[in-house]
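*Asks:* Dropping in final-v4.csv, which is CSV, C-alpha atoms:
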```csv
chain,number,residue,atom,x,y,z
K,289,MET,CA,27.4,53.1,-7.1
K,290,ASN,CA,28.7,55.1,-4.1
K,291,ALA,CA,25.3,56.5,-3.5
K,292,ARG,CA,23.8,53.0,-3.2
K,293,VAL,CA,26.5,52.0,-0.7
K,294,LEU,CA,25.9,55.1,1.3
K,295,VAL,CA,22.1,54.6,1.4
K,296,ARG,CA,22.5,50.9,2.5
K,297,ALA,CA,25.0,51.9,5.1
K,298,ALA,CA,22.7,54.6,6.5
K,299,LEU,CA,19.8,52.2,6.5
K,300,CYS,CA,21.8,49.6,8.4
K,301,ALA,CA,22.9,52.2,10.9
K,302,ALA,CA,19.3,53.3,11.4
K,303,LEU,CA,18.2,49.7,12.0
K,304,VAL,CA,21.0,49.0,14.5
K,305,ALA,CA,20.1,52.3,16.4
K,306,ALA,CA,16.4,51.4,16.4
K,307,ALA,CA,17.2,47.9,17.8
K,308,GLY,CA,19.3,49.4,20.6
K,309,CYS,CA,16.3,51.6,21.7
K,310,ALA,CA,13.8,48.8,21.6
K,311,GLY,CA,14.1,48.1,25.3
K,312,TYR,CA,13.8,51.7,26.4
K,313,SER,CA,10.6,52.8,28.0
K,314,TRP,CA,9.2,56.2,29.1
K,315,LYS,CA,7.1,54.3,31.7
K,316,SER,CA,7.7,55.0,35.4
K,317,ALA,CA,9.6,52.4,37.5
K,318,VAL,CA,7.1,52.9,40.3
K,319,PRO,CA,4.6,50.0,40.3
K,320,GLU,CA,1.0,50.9,39.5
K,321,GLU,CA,-0.3,49.8,42.9
K,322,MET,CA,2.1,52.2,44.7
K,323,ARG,CA,1.1,55.3,42.8
K,324,SER,CA,-1.1,57.0,45.4
K,325,VAL,CA,0.5,59.3,48.0
K,326,ALA,CA,-0.5,61.2,51.1
K,327,VAL,CA,1.4,64.2,52.4
K,328,PRO,CA,0.2,65.4,55.8
K,329,VAL,CA,1.4,68.7,57.1
K,330,PHE,CA,5.1,68.6,58.2
K,331,ARG,CA,5.8,69.4,61.8
K,332,ASN,CA,7.6,72.7,62.1
K,333,GLU,CA,10.4,72.9,64.7
K,334,SER,CA,12.0,75.9,62.9
K,335,ASN,CA,11.8,79.6,63.7
K,336,VAL,CA,10.0,80.4,60.4
K,337,THR,CA,6.3,80.5,61.0
K,338,GLY,CA,4.3,78.2,58.7
K,339,LEU,CA,7.3,76.6,57.1
K,340,GLY,CA,6.0,73.0,57.8
K,341,VAL,CA,2.7,73.8,56.1
K,342,GLU,CA,4.4,75.5,53.1
K,343,VAL,CA,6.8,72.5,52.6
K,344,ALA,CA,3.9,70.0,52.6
K,345,LYS,CA,1.9,72.1,50.2
K,346,GLN,CA,4.9,72.3,47.8
K,347,VAL,CA,5.5,68.6,48.0
K,348,ARG,CA,1.9,68.0,47.0
K,349,ARG,CA,2.2,70.4,44.1
K,350,GLU,CA,5.4,68.7,43.0
K,351,PHE,CA,3.8,65.3,43.0
K,352,GLN,CA,0.9,66.8,40.9
K,353,ARG,CA,3.4,68.5,38.5
K,354,GLU,CA,5.5,65.3,38.1
K,355,GLY,CA,2.4,63.2,37.4
K,356,THR,CA,3.4,59.7,38.4
K,357,PHE,CA,1.6,59.7,41.8
K,358,ARG,CA,-2.0,60.8,42.5
K,359,LEU,CA,-2.8,62.5,45.8
K,360,ALA,CA,-4.9,60.5,48.2
K,361,ASP,CA,-6.1,60.5,51.8
K,362,ILE,CA,-4.0,58.8,54.4
K,363,ALA,CA,-6.6,56.0,54.7
K,364,ASP,CA,-6.5,55.3,50.9
K,365,CYS,CA,-2.8,55.8,50.0
K,366,ALA,CA,-0.1,53.4,49.2
K,367,VAL,CA,2.7,55.8,50.2
K,368,GLU,CA,2.8,58.3,53.0
K,369,VAL,CA,5.4,61.1,53.1
K,370,GLN,CA,6.0,62.3,56.7
K,371,GLY,CA,8.3,65.2,57.5
K,372,VAL,CA,9.6,67.5,60.1
K,373,VAL,CA,11.2,70.9,59.4
K,374,LYS,CA,14.0,70.6,61.9
K,375,SER,CA,15.6,74.0,61.7
K,376,SER,CA,16.0,77.2,59.8
K,377,THR,CA,18.5,80.0,59.9
K,378,HIS,CA,18.9,83.3,58.2
K,379,LYS,CA,21.9,85.5,58.1
K,380,THR,CA,22.8,88.8,56.5
K,381,LEU,CA,24.9,88.5,53.4
K,382,ALA,CA,25.2,92.2,52.3
K,383,TYR,CA,24.5,95.6,53.7
K,384,ASP,CA,24.7,98.8,51.6
K,385,ARG,CA,25.2,102.0,53.6
K,386,SER,CA,25.0,104.1,50.4
K,387,VAL,CA,21.3,103.2,49.8
K,388,SER,CA,18.9,105.3,51.8
K,389,GLU,CA,16.5,102.3,52.3
K,390,ARG,CA,19.4,100.3,53.7
K,391,MET,CA,18.7,97.2,51.6
K,392,ARG,CA,20.1,94.0,53.0
K,393,GLU,CA,20.6,90.7,51.4
K,394,TYR,CA,19.8,87.7,53.5
K,395,GLU,CA,20.3,83.9,53.2
K,396,LEU,CA,17.6,81.6,54.4
K,397,ARG,CA,18.4,77.9,55.0
K,398,ALA,CA,16.3,75.0,56.2
K,399,VAL,CA,16.8,71.4,57.2
K,400,ALA,CA,14.0,68.8,57.0
K,401,GLU,CA,13.9,65.1,58.0
K,402,VAL,CA,11.5,63.1,55.9
K,403,SER,CA,10.3,59.4,56.0
K,404,PHE,CA,8.6,57.4,53.3
K,405,ILE,CA,6.2,54.7,54.5
K,406,ASP,CA,4.8,51.9,52.4
K,407,LYS,CA,1.3,51.8,53.8
K,408,LYS,CA,0.4,48.5,52.2
K,409,SER,CA,3.1,46.6,54.1
K,410,GLY,CA,3.6,49.0,57.0
K,411,LYS,CA,7.3,49.2,56.2
K,412,VAL,CA,9.3,52.4,56.6
K,413,VAL,CA,11.2,52.6,53.2
K,414,VAL,CA,13.2,55.7,54.1
K,415,ASP,CA,13.6,56.8,57.7
K,416,ASN,CA,14.4,60.4,58.6
K,417,ARG,CA,16.4,61.3,55.5
K,418,ARG,CA,17.8,64.8,55.8
K,419,TYR,CA,17.2,67.4,53.1
K,420,ARG,CA,18.8,70.9,53.0
K,421,ALA,CA,17.8,73.9,51.0
K,422,ARG,CA,18.8,77.6,50.8
K,423,THR,CA,17.8,80.7,49.1
K,424,THR,CA,18.5,84.4,49.3
K,425,PHE,CA,16.2,87.5,49.6
K,426,LEU,CA,16.4,91.3,49.8
K,427,ALA,CA,14.8,93.3,52.5
K,428,GLY,CA,14.7,96.9,53.5
K,429,ASP,CA,13.2,97.6,56.8
K,430,ASP,CA,10.8,94.7,56.5
K,431,VAL,CA,12.7,91.5,56.9
K,432,LEU,CA,9.6,89.4,57.6
K,433,THR,CA,8.0,90.1,54.2
K,434,GLY,CA,11.3,89.1,52.5
K,435,GLU,CA,11.5,86.0,54.6
K,436,ARG,CA,7.9,85.1,53.8
K,437,ASP,CA,8.6,85.3,50.0
K,438,ALA,CA,11.8,83.3,50.4
K,439,LYS,CA,9.9,80.6,52.4
K,440,GLY,CA,8.0,79.6,49.3
K,441,ARG,CA,11.2,79.2,47.2
K,442,LEU,CA,12.9,77.3,50.1
K,443,ALA,CA,9.8,74.9,50.3
K,444,GLU,CA,9.9,74.4,46.5
K,445,GLU,CA,13.6,73.3,46.6
K,446,LEU,CA,12.9,70.9,49.4
K,447,ALA,CA,9.9,69.5,47.6
K,448,ARG,CA,11.8,68.8,44.4
K,449,GLN,CA,14.4,66.8,46.4
K,450,ILE,CA,11.8,64.9,48.3
K,451,VAL,CA,9.7,63.9,45.3
K,452,ASP,CA,12.8,62.9,43.3
K,453,ASP,CA,13.7,60.5,46.1
K,454,VAL,CA,10.2,59.0,46.3
K,455,LEU,CA,10.3,58.4,42.5
K,456,ASN,CA,13.7,56.7,42.8
K,457,CYS,CA,12.7,54.4,45.8
K,458,LYS,CA,12.6,50.6,45.3
K,459,TRP,CA,9.0,49.9,45.9
```
Please rewrite the model in this file as structure tokens.
*Replies:*
Amino acid sequence: MNARVLVRAALCAALVAAAGCAGYSWKSAVPEEMRSVAVPVFRNESNVTGLGVEVAKQVRREFQREGTFRLADIADCAVEVQGVVKSSTHKTLAYDRSVSERMREYELRAVAEVSFIDKKSGKVVVDNRRYRARTTFLAGDDVLTGERDAKGRLAEELARQIVDDVLNCKW
């Protein structure tokens, strides 16, 4: 008798749980007609060579990885992501005198301003939102090589933030 009651209670609990999930969807909130995006090269006002190109490339990759949007030309897109890398700074975090190569740890930071434009209506949905990213790198005598490697990680972090915001916009 107790086994029947337990089975019925479990069945009822499962039905209630299933009914609660009936309205949930894995579908994106971005309307189908807004799912094409163009990302031109970001203007680079920072002191890191090529950072604007790298950030735009990583934003495109992040859109492809995420999968909601498809990349398109500016003439054919529904959404355009425009950006400017405003600044970058690097500073020394650590210096080890005991190591013959004199390894140093640096921190690289960047600030970008990005706008999202609804190309169908011509409306600027987000205007010059600021994004910040930071990473660290080690360098011996060649700081430029370490900075070049860190530039990619910095661009990836900015790209994740930007794409997340585009996905969460009210189109």
*Asks:* May I ask which of the residues K:Glu354, K:Glu435, K:Asp453, K:Asp406 is the closest one to Thr377 in chain K, counting all atoms listed in the file?
*Replies:*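 Ranked by minimum distance to Thr377 in chain K, first place goes to K:Glu435.
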*Asks:* How big is the axis-aligned box around all listed atoms of range 398-417 of chain K once 6 Å goes on each side, and where's its centre, in Å to one decimal, as AutoDock Vina command-line options?
*Replies:*
```
--center_x 8.6 --center_y 60.8 --center_z 55.4 --size_x 28.4 --size_y 40.4 --size_z 18.4
```
*Asks:* Go through K:Phe357, K:Val402, K:Gln370, K:Leu442 and flag the residue nearest Ala317 in chain K, using all atoms listed in the file for the distances.
*Replies:* K:Phe357
*Asks:* Using all atoms listed in the file, can you tell me which of K:Ser316, K:Ser334, K:Thr380, K:Ser409 comes closest to Val367 in chain K?
*Replies:*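 For Val367 in chain K, the nearest of the candidates is K:Ser409.
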*Asks:* Quote the spacing between CA of Arg420 in chain K and CA of Arg441 in chain K in Å to one decimal place.
*Replies:*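 Here the two named atoms are 12.7 Å from each other.
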